[in-house]
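Text of the file run-v3.tsv, holding TSV, N, CA, C and O atoms:
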```
chain	number	residue	atom	x	y	z
A	321	PRO	N	128.98	76.79	141.01
A	321	PRO	CA	129.49	77.13	139.69
A	321	PRO	C	128.91	76.24	138.58
A	321	PRO	O	128.66	76.69	137.48
A	322	SER	N	128.71	74.96	138.87
A	322	SER	CA	128.19	74.08	137.82
A	322	SER	C	126.74	74.43	137.48
A	322	SER	O	126.35	74.36	136.31
A	323	VAL	N	125.96	74.81	138.46
A	323	VAL	CA	124.58	75.22	138.20
A	323	VAL	C	124.55	76.51	137.39
A	323	VAL	O	123.81	76.63	136.42
A	324	THR	N	125.39	77.44	137.77
A	324	THR	CA	125.48	78.70	137.04
A	324	THR	C	125.87	78.45	135.59
A	324	THR	O	125.29	79.02	134.67
A	325	ARG	N	126.85	77.59	135.37
A	325	ARG	CA	127.29	77.28	134.01
A	325	ARG	C	126.15	76.67	133.20
A	325	ARG	O	125.92	77.04	132.05
A	326	ARG	N	125.37	75.76	133.79
A	326	ARG	CA	124.25	75.14	133.07
A	326	ARG	C	123.18	76.15	132.74
A	326	ARG	O	122.60	76.14	131.65
A	327	VAL	N	122.90	77.06	133.67
A	327	VAL	CA	121.89	78.10	133.41
A	327	VAL	C	122.34	78.99	132.26
A	327	VAL	O	121.56	79.29	131.35
A	328	ILE	N	123.59	79.39	132.28
A	328	ILE	CA	124.13	80.24	131.22
A	328	ILE	C	124.10	79.50	129.88
A	328	ILE	O	123.72	80.07	128.86
A	329	GLU	N	124.48	78.24	129.87
A	329	GLU	CA	124.46	77.47	128.63
A	329	GLU	C	123.05	77.35	128.07
A	329	GLU	O	122.84	77.49	126.86
A	330	ARG	N	122.07	77.10	128.92
A	330	ARG	CA	120.68	77.01	128.46
A	330	ARG	C	120.19	78.35	127.93
A	330	ARG	O	119.52	78.42	126.92
A	331	PHE	N	120.53	79.39	128.65
A	331	PHE	CA	120.11	80.73	128.21
A	331	PHE	C	120.72	81.06	126.86
A	331	PHE	O	120.06	81.61	125.98
A	332	ALA	N	121.98	80.73	126.67
A	332	ALA	CA	122.67	81.04	125.41
A	332	ALA	C	122.09	80.27	124.24
A	332	ALA	O	122.12	80.73	123.11
A	333	ARG	N	121.54	79.09	124.48
A	333	ARG	CA	120.97	78.26	123.41
A	333	ARG	C	119.56	78.67	123.03
A	333	ARG	O	119.07	78.30	121.98
A	334	ARG	N	118.89	79.42	123.90
A	334	ARG	CA	117.51	79.83	123.61
A	334	ARG	C	117.49	80.73	122.39
A	334	ARG	O	118.35	81.59	122.23
A	335	PRO	N	116.49	80.54	121.52
A	335	PRO	CA	116.40	81.44	120.37
A	335	PRO	C	116.06	82.86	120.82
A	335	PRO	O	115.30	83.04	121.78
A	336	ARG	N	116.65	83.81	120.14
A	336	ARG	CA	116.36	85.21	120.45
A	336	ARG	C	114.96	85.55	119.96
A	336	ARG	O	114.53	85.04	118.93
A	337	PRO	N	114.26	86.40	120.68
A	337	PRO	CA	112.95	86.82	120.17
A	337	PRO	C	113.13	87.55	118.85
A	337	PRO	O	114.13	88.23	118.63
A	338	ALA	N	112.18	87.37	117.97
A	338	ALA	CA	112.26	88.00	116.65
A	338	ALA	C	112.27	89.52	116.81
A	338	ALA	O	111.51	90.08	117.60
A	339	ALA	N	113.15	90.16	116.06
A	339	ALA	CA	113.21	91.61	116.07
A	339	ALA	C	111.95	92.16	115.42
A	339	ALA	O	111.39	91.56	114.51
A	340	SER	N	111.53	93.29	115.88
A	340	SER	CA	110.33	93.91	115.33
A	340	SER	C	110.70	95.17	114.56
A	340	SER	O	111.48	95.99	115.03
A	341	LEU	N	110.11	95.30	113.40
A	341	LEU	CA	110.36	96.49	112.59
A	341	LEU	C	109.78	97.74	113.26
A	341	LEU	O	110.10	98.85	112.87
A	342	ASP	N	108.96	97.55	114.29
A	342	ASP	CA	108.41	98.69	115.04
A	342	ASP	C	109.50	99.48	115.75
A	342	ASP	O	109.28	100.62	116.15
A	343	GLU	N	110.68	98.87	115.90
A	343	GLU	CA	111.80	99.55	116.55
A	343	GLU	C	112.42	100.62	115.66
A	343	GLU	O	113.20	101.44	116.12
A	344	LEU	N	112.09	100.61	114.38
A	344	LEU	CA	112.69	101.54	113.43
A	344	LEU	C	111.91	102.85	113.35
A	344	LEU	O	110.70	102.88	113.56
A	345	THR	N	112.63	103.92	113.00
A	345	THR	CA	111.96	105.18	112.72
A	345	THR	C	111.22	105.02	111.40
A	345	THR	O	111.47	104.07	110.63
A	346	SER	N	110.34	105.95	111.10
A	346	SER	CA	109.60	105.86	109.84
A	346	SER	C	110.54	105.93	108.64
A	346	SER	O	110.36	105.22	107.65
A	347	ARG	N	111.59	106.74	108.72
A	347	ARG	CA	112.54	106.86	107.62
A	347	ARG	C	113.35	105.56	107.47
A	347	ARG	O	113.59	105.09	106.37
A	348	GLU	N	113.77	104.98	108.59
A	348	GLU	CA	114.49	103.72	108.52
A	348	GLU	C	113.62	102.63	107.90
A	348	GLU	O	114.09	101.86	107.06
A	349	SER	N	112.35	102.59	108.28
A	349	SER	CA	111.43	101.61	107.69
A	349	SER	C	111.28	101.82	106.20
A	349	SER	O	111.25	100.86	105.42
A	350	GLU	N	111.20	103.07	105.80
A	350	GLU	CA	111.09	103.40	104.38
A	350	GLU	C	112.33	102.93	103.61
A	350	GLU	O	112.22	102.33	102.53
A	351	VAL	N	113.49	103.17	104.18
A	351	VAL	CA	114.74	102.75	103.55
A	351	VAL	C	114.81	101.22	103.48
A	351	VAL	O	115.15	100.65	102.44
A	352	VAL	N	114.44	100.54	104.57
A	352	VAL	CA	114.46	99.07	104.58
A	352	VAL	C	113.50	98.52	103.52
A	352	VAL	O	113.83	97.58	102.81
A	353	ARG	N	112.34	99.12	103.39
A	353	ARG	CA	111.38	98.68	102.38
A	353	ARG	C	111.98	98.80	100.98
A	353	ARG	O	111.86	97.90	100.16
A	354	LEU	N	112.68	99.90	100.73
A	354	LEU	CA	113.29	100.10	99.42
A	354	LEU	C	114.48	99.14	99.21
A	354	LEU	O	114.70	98.66	98.09
A	355	VAL	N	115.23	98.87	100.27
A	355	VAL	CA	116.31	97.88	100.18
A	355	VAL	C	115.71	96.53	99.78
A	355	VAL	O	116.24	95.83	98.92
A	356	ALA	N	114.57	96.19	100.39
A	356	ALA	CA	113.93	94.90	100.12
A	356	ALA	C	113.39	94.79	98.69
A	356	ALA	O	113.19	93.69	98.20
A	357	THR	N	113.21	95.93	98.03
A	357	THR	CA	112.77	95.87	96.63
A	357	THR	C	113.95	95.69	95.68
A	357	THR	O	113.75	95.56	94.48
A	358	GLY	N	115.17	95.71	96.24
A	358	GLY	CA	116.36	95.47	95.43
A	358	GLY	C	117.08	96.71	94.96
A	358	GLY	O	118.01	96.62	94.18
A	359	LEU	N	116.67	97.88	95.46
A	359	LEU	CA	117.33	99.12	95.05
A	359	LEU	C	118.70	99.25	95.69
A	359	LEU	O	118.92	98.82	96.82
A	360	SER	N	119.62	99.87	94.98
A	360	SER	CA	120.95	100.17	95.52
A	360	SER	C	120.85	101.40	96.41
A	360	SER	O	119.84	102.13	96.40
A	361	ASN	N	121.90	101.67	97.16
A	361	ASN	CA	121.92	102.87	98.01
A	361	ASN	C	121.73	104.13	97.17
A	361	ASN	O	121.02	105.06	97.58
A	362	GLU	N	122.36	104.17	96.00
A	362	GLU	CA	122.25	105.35	95.14
A	362	GLU	C	120.81	105.52	94.63
A	362	GLU	O	120.29	106.64	94.56
A	363	GLU	N	120.16	104.42	94.29
A	363	GLU	CA	118.78	104.49	93.82
A	363	GLU	C	117.83	104.91	94.94
A	363	GLU	O	116.90	105.69	94.72
A	364	ILE	N	118.07	104.41	96.13
A	364	ILE	CA	117.26	104.80	97.28
A	364	ILE	C	117.45	106.29	97.56
A	364	ILE	O	116.49	107.02	97.80
A	365	ALA	N	118.70	106.74	97.50
A	365	ALA	CA	119.01	108.16	97.73
A	365	ALA	C	118.26	109.04	96.73
A	365	ALA	O	117.67	110.06	97.11
A	366	ALA	N	118.26	108.65	95.47
A	366	ALA	CA	117.56	109.43	94.44
A	366	ALA	C	116.06	109.43	94.68
A	366	ALA	O	115.39	110.46	94.53
A	367	THR	N	115.51	108.29	95.08
A	367	THR	CA	114.07	108.17	95.33
A	367	THR	C	113.64	109.05	96.50
A	367	THR	O	112.59	109.71	96.44
A	368	LEU	N	114.44	109.05	97.56
A	368	LEU	CA	114.08	109.79	98.78
A	368	LEU	C	114.67	111.19	98.84
A	368	LEU	O	114.42	111.92	99.80
A	369	VAL	N	115.45	111.55	97.85
A	369	VAL	CA	116.13	112.84	97.77
A	369	VAL	C	116.97	113.08	99.03
A	369	VAL	O	116.82	114.07	99.75
A	370	ILE	N	117.83	112.10	99.30
A	370	ILE	CA	118.80	112.19	100.39
A	370	ILE	C	120.13	111.69	99.83
A	370	ILE	O	120.19	111.16	98.73
A	371	SER	N	121.20	111.84	100.58
A	371	SER	CA	122.51	111.41	100.09
A	371	SER	C	122.68	109.89	100.27
A	371	SER	O	122.07	109.30	101.17
A	372	PRO	N	123.50	109.28	99.43
A	372	PRO	CA	123.81	107.86	99.60
A	372	PRO	C	124.40	107.55	100.98
A	372	PRO	O	124.14	106.50	101.54
A	373	LEU	N	125.16	108.48	101.53
A	373	LEU	CA	125.73	108.28	102.87
A	373	LEU	C	124.62	108.22	103.92
A	373	LEU	O	124.68	107.41	104.85
A	374	THR	N	123.59	109.05	103.77
A	374	THR	CA	122.46	109.02	104.69
A	374	THR	C	121.72	107.69	104.57
A	374	THR	O	121.30	107.11	105.58
A	375	VAL	N	121.57	107.19	103.36
A	375	VAL	CA	120.94	105.88	103.16
A	375	VAL	C	121.75	104.81	103.89
A	375	VAL	O	121.20	103.99	104.62
A	376	LYS	N	123.06	104.85	103.71
A	376	LYS	CA	123.94	103.87	104.36
A	376	LYS	C	123.80	103.95	105.88
A	376	LYS	O	123.77	102.92	106.56
A	377	THR	N	123.69	105.16	106.41
A	377	THR	CA	123.51	105.34	107.85
A	377	THR	C	122.20	104.73	108.32
A	377	THR	O	122.15	104.03	109.34
A	378	HIS	N	121.11	104.97	107.58
A	378	HIS	CA	119.81	104.39	107.95
A	378	HIS	C	119.86	102.87	107.92
A	378	HIS	O	119.31	102.20	108.81
A	379	ILE	N	120.51	102.31	106.92
A	379	ILE	CA	120.63	100.85	106.81
A	379	ILE	C	121.44	100.31	107.98
A	379	ILE	O	121.05	99.32	108.62
A	380	SER	N	122.55	100.94	108.29
A	380	SER	CA	123.39	100.50	109.41
A	380	SER	C	122.65	100.55	110.73
A	380	SER	O	122.73	99.62	111.54
A	381	ARG	N	121.89	101.61	110.95
A	381	ARG	CA	121.12	101.73	112.19
A	381	ARG	C	120.03	100.66	112.26
A	381	ARG	O	119.78	100.09	113.32
A	382	ALA	N	119.38	100.40	111.14
A	382	ALA	CA	118.33	99.37	111.11
A	382	ALA	C	118.93	97.99	111.40
A	382	ALA	O	118.37	97.21	112.18
A	383	ILE	N	120.08	97.71	110.81
A	383	ILE	CA	120.75	96.43	111.05
A	383	ILE	C	121.09	96.29	112.54
A	383	ILE	O	120.87	95.23	113.14
A	384	THR	N	121.59	97.34	113.13
A	384	THR	CA	121.94	97.32	114.55
A	384	THR	C	120.70	97.15	115.42
A	384	THR	O	120.67	96.30	116.32
A	385	LYS	N	119.67	97.96	115.18
A	385	LYS	CA	118.46	97.89	115.99
A	385	LYS	C	117.79	96.53	115.91
A	385	LYS	O	117.22	96.05	116.89
A	386	LEU	N	117.82	95.93	114.74
A	386	LEU	CA	117.12	94.66	114.53
A	386	LEU	C	117.98	93.45	114.85
A	386	LEU	O	117.49	92.32	114.88
A	387	GLY	N	119.26	93.68	115.07
A	387	GLY	CA	120.15	92.58	115.44
A	387	GLY	C	120.39	91.59	114.33
A	387	GLY	O	120.63	90.41	114.58
A	388	VAL	N	120.33	92.06	113.09
A	388	VAL	CA	120.62	91.18	111.96
A	388	VAL	C	122.08	91.36	111.55
A	388	VAL	O	122.70	92.35	111.88
A	389	ARG	N	122.59	90.39	110.80
A	389	ARG	CA	124.02	90.38	110.47
A	389	ARG	C	124.37	91.29	109.30
A	389	ARG	O	125.41	91.93	109.29
A	390	ASP	N	123.49	91.36	108.30
A	390	ASP	CA	123.85	92.09	107.10
A	390	ASP	C	122.60	92.49	106.32
A	390	ASP	O	121.46	92.26	106.76
A	391	ARG	N	122.81	93.07	105.16
A	391	ARG	CA	121.73	93.56	104.31
A	391	ARG	C	120.79	92.43	103.87
A	391	ARG	O	119.58	92.62	103.80
A	392	VAL	N	121.35	91.26	103.62
A	392	VAL	CA	120.53	90.11	103.21
A	392	VAL	C	119.56	89.73	104.31
A	392	VAL	O	118.36	89.53	104.07
A	393	GLN	N	120.05	89.63	105.54
A	393	GLN	CA	119.16	89.30	106.65
A	393	GLN	C	118.14	90.39	106.88
A	393	GLN	O	117.01	90.12	107.28
A	394	LEU	N	118.51	91.62	106.62
A	394	LEU	CA	117.57	92.74	106.74
A	394	LEU	C	116.41	92.56	105.76
A	394	LEU	O	115.25	92.74	106.11
A	395	VAL	N	116.72	92.18	104.54
A	395	VAL	CA	115.69	91.95	103.52
A	395	VAL	C	114.81	90.77	103.91
A	395	VAL	O	113.57	90.85	103.81
A	396	ILE	N	115.41	89.71	104.40
A	396	ILE	CA	114.63	88.54	104.83
A	396	ILE	C	113.66	88.93	105.93
A	396	ILE	O	112.47	88.57	105.89
A	397	LEU	N	114.13	89.68	106.90
A	397	LEU	CA	113.27	90.13	108.00
A	397	LEU	C	112.14	91.01	107.49
A	397	LEU	O	110.99	90.88	107.92
A	398	ALA	N	112.45	91.89	106.54
A	398	ALA	CA	111.42	92.76	105.96
A	398	ALA	C	110.33	91.92	105.30
A	398	ALA	O	109.13	92.21	105.45
A	399	TYR	N	110.72	90.88	104.58
A	399	TYR	CA	109.73	90.00	103.95
A	399	TYR	C	108.93	89.22	104.99
A	399	TYR	O	107.71	89.10	104.89
A	400	GLU	N	109.62	88.70	105.99
A	400	GLU	CA	108.94	87.92	107.03
A	400	GLU	C	107.91	88.75	107.79
A	400	GLU	O	106.88	88.24	108.21
A	401	GLN	N	108.20	90.04	107.96
A	401	GLN	CA	107.28	90.89	108.72
A	401	GLN	C	106.36	91.71	107.84
A	401	GLN	O	105.66	92.60	108.31
A	402	GLY	N	106.37	91.44	106.53
A	402	GLY	CA	105.40	92.05	105.65
A	402	GLY	C	105.71	93.47	105.21
A	402	GLY	O	104.84	94.15	104.66
A	403	LEU	N	106.93	93.95	105.44
A	403	LEU	CA	107.27	95.31	105.03
A	403	LEU	C	107.55	95.37	103.54
A	403	LEU	O	107.21	96.33	102.87
A	404	ALA	N	108.17	94.35	103.01
A	404	ALA	CA	108.53	94.33	101.59
A	404	ALA	C	107.28	94.13	100.74
A	404	ALA	O	106.33	93.47	101.14
A	405	GLY	N	107.31	94.73	99.57
A	405	GLY	CA	106.21	94.54	98.64
A	405	GLY	C	104.99	95.37	98.93
A	405	GLY	O	103.91	95.09	98.46
A	406	THR	N	105.17	96.47	99.72
A	406	THR	CA	104.03	97.33	100.05
A	406	THR	C	104.04	98.61	99.25
A	406	THR	O	103.61	99.66	99.73
A	407	GLY	N	104.55	98.54	98.03
A	407	GLY	CA	104.56	99.73	97.18
A	407	GLY	C	105.87	100.46	97.28
A	407	GLY	O	106.70	100.19	98.12
A	408	THR	N	106.08	101.44	96.36
A	408	THR	CA	107.34	102.20	96.38
A	408	THR	C	107.06	103.67	96.48
A	408	THR	O	105.99	104.14	96.32
```

Output the structure of this file as structure tokens.
Amino acid sequence: PSVTRRVIERFARRPRPAASLDELTSRESEVVRLVATGLSNEEIAATLVISPLTVKTHISRAITKLGVRDRVQLVILAYEQGLAGTGT
């Protein structure tokens, strides 16, 4: 039991591998890119001609797939992986 506990503790302390934006669908990537430019859900919806609820769904799925905590972390990840700032 003590060996198992130490293995689990070490595993839990290891940093998680960085999430990859490649896990997202093309639409999710597009929405994340627009989120990273600072647009609101309503502005993204108008740009993509979809409903604000659909935008919210894409953002929620991206957050889940990428394992980030919130919209802010989603934007940070987009910048770190070069998705942000690639045009609108």

Next item on the list: Choose the residue, out of A:Leu354, A:Ala404, A:Ala382, A:Val395, that has the smallest atom-to-atom separation from Thr367 in chain A; count only C-alpha atoms.
Entry: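 Of A:Leu354, A:Ala404, A:Ala382, A:Val395, the one nearest Thr367 in chain A is A:Leu354, counting only C-alpha atoms.
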
Note to self: What's the separation between atom C of Ser340 in chain A and atom O of Arg326 in chain A, in Å to one decimal place?
What the structure shows: 28.2 Å

Item checked: d(CA of Glu329 in chain A, atom C of Arg389 in chain A) in Å ->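 About the pair CA of Glu329 in chain A and atom C of Arg389 in chain A: they are 23.8 Å apart.
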
Item checked: Residue nearest Thr374 in chain A among A:Leu403, A:Leu394, A:Leu341, A:Asn361 (counting only N, CA, C and O atoms) ->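 That would be A:Asn361, the residue with the smallest distance to Thr374 in chain A.
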
Item checked: Interatomic distance, CA of Lys385 in chain A to CA of Thr324 in chain A (Å, one decimal) ->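 We find that CA of Lys385 in chain A and CA of Thr324 in chain A lie 29.3 Å from each other.
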
Next item on the list: Find the residues near Leu386 in chain A: any atom within 8 Å, counting all atoms listed in the file, skip ones fewer than 3 places away on the same chain, and give them as a list in words.
Entry: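 My list of contacting residues is Pro337, Ala338, Ala339, Ser340, Leu341, Glu343, Leu344, Ile379, Ser380, Arg381, Ala382, Ile383, Arg389 and Gln393 of chain A.
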
With N, CA, C and O atoms retained, write the just-selected residues as a compact mmCIF listing (two decimals), in the coordinates of the input.
```txt
# COMPACT_ATOMS: atom_id res chain seq x y z
N PRO A 337 114.26 86.40 120.68
CA PRO A 337 112.95 86.82 120.17
C PRO A 337 113.13 87.55 118.85
O PRO A 337 114.13 88.23 118.63
N ALA A 338 112.18 87.37 117.97
CA ALA A 338 112.26 88.00 116.65
C ALA A 338 112.27 89.52 116.81
O ALA A 338 111.51 90.08 117.60
N ALA A 339 113.15 90.16 116.06
CA ALA A 339 113.21 91.61 116.07
C ALA A 339 111.95 92.16 115.42
O ALA A 339 111.39 91.56 114.51
N SER A 340 111.53 93.29 115.88
CA SER A 340 110.33 93.91 115.33
C SER A 340 110.70 95.17 114.56
O SER A 340 111.48 95.99 115.03
N LEU A 341 110.11 95.30 113.40
CA LEU A 341 110.36 96.49 112.59
C LEU A 341 109.78 97.74 113.26
O LEU A 341 110.10 98.85 112.87
N GLU A 343 110.68 98.87 115.90
CA GLU A 343 111.80 99.55 116.55
C GLU A 343 112.42 100.62 115.66
O GLU A 343 113.20 101.44 116.12
N LEU A 344 112.09 100.61 114.38
CA LEU A 344 112.69 101.54 113.43
C LEU A 344 111.91 102.85 113.35
O LEU A 344 110.70 102.88 113.56
N ILE A 379 120.51 102.31 106.92
CA ILE A 379 120.63 100.85 106.81
C ILE A 379 121.44 100.31 107.98
O ILE A 379 121.05 99.32 108.62
N SER A 380 122.55 100.94 108.29
CA SER A 380 123.39 100.50 109.41
C SER A 380 122.65 100.55 110.73
O SER A 380 122.73 99.62 111.54
N ARG A 381 121.89 101.61 110.95
CA ARG A 381 121.12 101.73 112.19
C ARG A 381 120.03 100.66 112.26
O ARG A 381 119.78 100.09 113.32
N ALA A 382 119.38 100.40 111.14
CA ALA A 382 118.33 99.37 111.11
C ALA A 382 118.93 97.99 111.40
O ALA A 382 118.37 97.21 112.18
N ILE A 383 120.08 97.71 110.81
CA ILE A 383 120.75 96.43 111.05
C ILE A 383 121.09 96.29 112.54
O ILE A 383 120.87 95.23 113.14
N ARG A 389 122.59 90.39 110.80
CA ARG A 389 124.02 90.38 110.47
C ARG A 389 124.37 91.29 109.30
O ARG A 389 125.41 91.93 109.29
N GLN A 393 120.05 89.63 105.54
CA GLN A 393 119.16 89.30 106.65
C GLN A 393 118.14 90.39 106.88
O GLN A 393 117.01 90.12 107.28
```

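Residues lying within 8 Å of range 363-366 of chain A, counting only N, CA, C and O atoms and ignoring same-chain neighbours fewer than 4 positions away, are Glu350, Val351, Leu354, Val355, Gly358, Leu359, Ile370, Ser371, Pro372, Leu373, Thr374, Val375 and Lys376 of chain A.
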
Could you write out that same residue set with N, CA, C and O atoms as a PDB file, keeping the file's coordinate frame?
```pdb
ATOM      1  N   GLU A 350     111.200 103.070 105.800  1.00  0.00           N
ATOM      2  CA  GLU A 350     111.090 103.400 104.380  1.00  0.00           C
ATOM      3  C   GLU A 350     112.330 102.930 103.610  1.00  0.00           C
ATOM      4  O   GLU A 350     112.220 102.330 102.530  1.00  0.00           O
ATOM      5  N   VAL A 351     113.490 103.170 104.180  1.00  0.00           N
ATOM      6  CA  VAL A 351     114.740 102.750 103.550  1.00  0.00           C
ATOM      7  C   VAL A 351     114.810 101.220 103.480  1.00  0.00           C
ATOM      8  O   VAL A 351     115.150 100.650 102.440  1.00  0.00           O
ATOM      9  N   LEU A 354     112.680  99.900 100.730  1.00  0.00           N
ATOM     10  CA  LEU A 354     113.290 100.100  99.420  1.00  0.00           C
ATOM     11  C   LEU A 354     114.480  99.140  99.210  1.00  0.00           C
ATOM     12  O   LEU A 354     114.700  98.660  98.090  1.00  0.00           O
ATOM     13  N   VAL A 355     115.230  98.870 100.270  1.00  0.00           N
ATOM     14  CA  VAL A 355     116.310  97.880 100.180  1.00  0.00           C
ATOM     15  C   VAL A 355     115.710  96.530  99.780  1.00  0.00           C
ATOM     16  O   VAL A 355     116.240  95.830  98.920  1.00  0.00           O
ATOM     17  N   GLY A 358     115.170  95.710  96.240  1.00  0.00           N
ATOM     18  CA  GLY A 358     116.360  95.470  95.430  1.00  0.00           C
ATOM     19  C   GLY A 358     117.080  96.710  94.960  1.00  0.00           C
ATOM     20  O   GLY A 358     118.010  96.620  94.180  1.00  0.00           O
ATOM     21  N   LEU A 359     116.670  97.880  95.460  1.00  0.00           N
ATOM     22  CA  LEU A 359     117.330  99.120  95.050  1.00  0.00           C
ATOM     23  C   LEU A 359     118.700  99.250  95.690  1.00  0.00           C
ATOM     24  O   LEU A 359     118.920  98.820  96.820  1.00  0.00           O
ATOM     25  N   ILE A 370     117.830 112.100  99.300  1.00  0.00           N
ATOM     26  CA  ILE A 370     118.800 112.190 100.390  1.00  0.00           C
ATOM     27  C   ILE A 370     120.130 111.690  99.830  1.00  0.00           C
ATOM     28  O   ILE A 370     120.190 111.160  98.730  1.00  0.00           O
ATOM     29  N   SER A 371     121.200 111.840 100.580  1.00  0.00           N
ATOM     30  CA  SER A 371     122.510 111.410 100.090  1.00  0.00           C
ATOM     31  C   SER A 371     122.680 109.890 100.270  1.00  0.00           C
ATOM     32  O   SER A 371     122.070 109.300 101.170  1.00  0.00           O
ATOM     33  N   PRO A 372     123.500 109.280  99.430  1.00  0.00           N
ATOM     34  CA  PRO A 372     123.810 107.860  99.600  1.00  0.00           C
ATOM     35  C   PRO A 372     124.400 107.550 100.980  1.00  0.00           C
ATOM     36  O   PRO A 372     124.140 106.500 101.540  1.00  0.00           O
ATOM     37  N   LEU A 373     125.160 108.480 101.530  1.00  0.00           N
ATOM     38  CA  LEU A 373     125.730 108.280 102.870  1.00  0.00           C
ATOM     39  C   LEU A 373     124.620 108.220 103.920  1.00  0.00           C
ATOM     40  O   LEU A 373     124.680 107.410 104.850  1.00  0.00           O
ATOM     41  N   THR A 374     123.590 109.050 103.770  1.00  0.00           N
ATOM     42  CA  THR A 374     122.460 109.020 104.690  1.00  0.00           C
ATOM     43  C   THR A 374     121.720 107.690 104.570  1.00  0.00           C
ATOM     44  O   THR A 374     121.300 107.110 105.580  1.00  0.00           O
ATOM     45  N   VAL A 375     121.570 107.190 103.360  1.00  0.00           N
ATOM     46  CA  VAL A 375     120.940 105.880 103.160  1.00  0.00           C
ATOM     47  C   VAL A 375     121.750 104.810 103.890  1.00  0.00           C
ATOM     48  O   VAL A 375     121.200 103.990 104.620  1.00  0.00           O
ATOM     49  N   LYS A 376     123.060 104.850 103.710  1.00  0.00           N
ATOM     50  CA  LYS A 376     123.940 103.870 104.360  1.00  0.00           C
ATOM     51  C   LYS A 376     123.800 103.950 105.880  1.00  0.00           C
ATOM     52  O   LYS A 376     123.770 102.920 106.560  1.00  0.00           O
TER      53      LYS A 376
END
```

Next item on the list: Enumerate as a ChimeraX atom specification all residues of range 342-389 of chain A assigned to helix (DSSP H, G or I) by DSSP on the backbone, naming them with the chain letters and numbers the document uses.
Entry: /A:342-343,346-356,361-368,372-386

Missing atoms in range 378-383 of chain A: can you complete it with all heavy atoms, as a short mmCIF file (atom, residue, chain, number, x, y, z; two decimals), in the coordinates of the input?
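Generated file (selection.cif):
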```
data_model
loop_
_atom_site.label_atom_id
_atom_site.label_comp_id
_atom_site.auth_asym_id
_atom_site.auth_seq_id
_atom_site.Cartn_x
_atom_site.Cartn_y
_atom_site.Cartn_z
N HIS A 378 121.11 104.97 107.58
CA HIS A 378 119.81 104.39 107.95
C HIS A 378 119.86 102.87 107.92
O HIS A 378 119.31 102.20 108.81
CB HIS A 378 118.70 104.89 107.02
CG HIS A 378 118.30 106.31 107.26
ND1 HIS A 378 117.96 106.81 108.49
CD2 HIS A 378 118.16 107.35 106.39
CE1 HIS A 378 117.65 108.08 108.39
NE2 HIS A 378 117.75 108.44 107.11
N ILE A 379 120.51 102.31 106.92
CA ILE A 379 120.63 100.85 106.81
C ILE A 379 121.44 100.31 107.98
O ILE A 379 121.05 99.32 108.62
CB ILE A 379 121.24 100.44 105.46
CG1 ILE A 379 120.27 100.78 104.32
CG2 ILE A 379 121.59 98.95 105.45
CD1 ILE A 379 120.87 100.66 102.93
N SER A 380 122.55 100.94 108.29
CA SER A 380 123.39 100.50 109.41
C SER A 380 122.65 100.55 110.73
O SER A 380 122.73 99.62 111.54
CB SER A 380 124.65 101.37 109.51
OG SER A 380 125.46 101.18 108.39
N ARG A 381 121.89 101.61 110.95
CA ARG A 381 121.12 101.73 112.19
C ARG A 381 120.03 100.66 112.26
O ARG A 381 119.78 100.09 113.32
CB ARG A 381 120.53 103.12 112.32
CG ARG A 381 121.59 104.15 112.63
CD ARG A 381 121.00 105.52 112.84
NE ARG A 381 122.07 106.46 113.14
CZ ARG A 381 121.95 107.76 113.04
NH1 ARG A 381 120.81 108.30 112.64
NH2 ARG A 381 122.96 108.56 113.32
N ALA A 382 119.38 100.40 111.14
CA ALA A 382 118.33 99.37 111.11
C ALA A 382 118.93 97.99 111.40
O ALA A 382 118.37 97.21 112.18
CB ALA A 382 117.62 99.36 109.75
N ILE A 383 120.08 97.71 110.81
CA ILE A 383 120.75 96.43 111.05
C ILE A 383 121.09 96.29 112.54
O ILE A 383 120.87 95.23 113.14
CB ILE A 383 122.02 96.31 110.17
CG1 ILE A 383 121.59 96.04 108.72
CG2 ILE A 383 122.96 95.23 110.68
CD1 ILE A 383 122.73 96.12 107.70
#
```
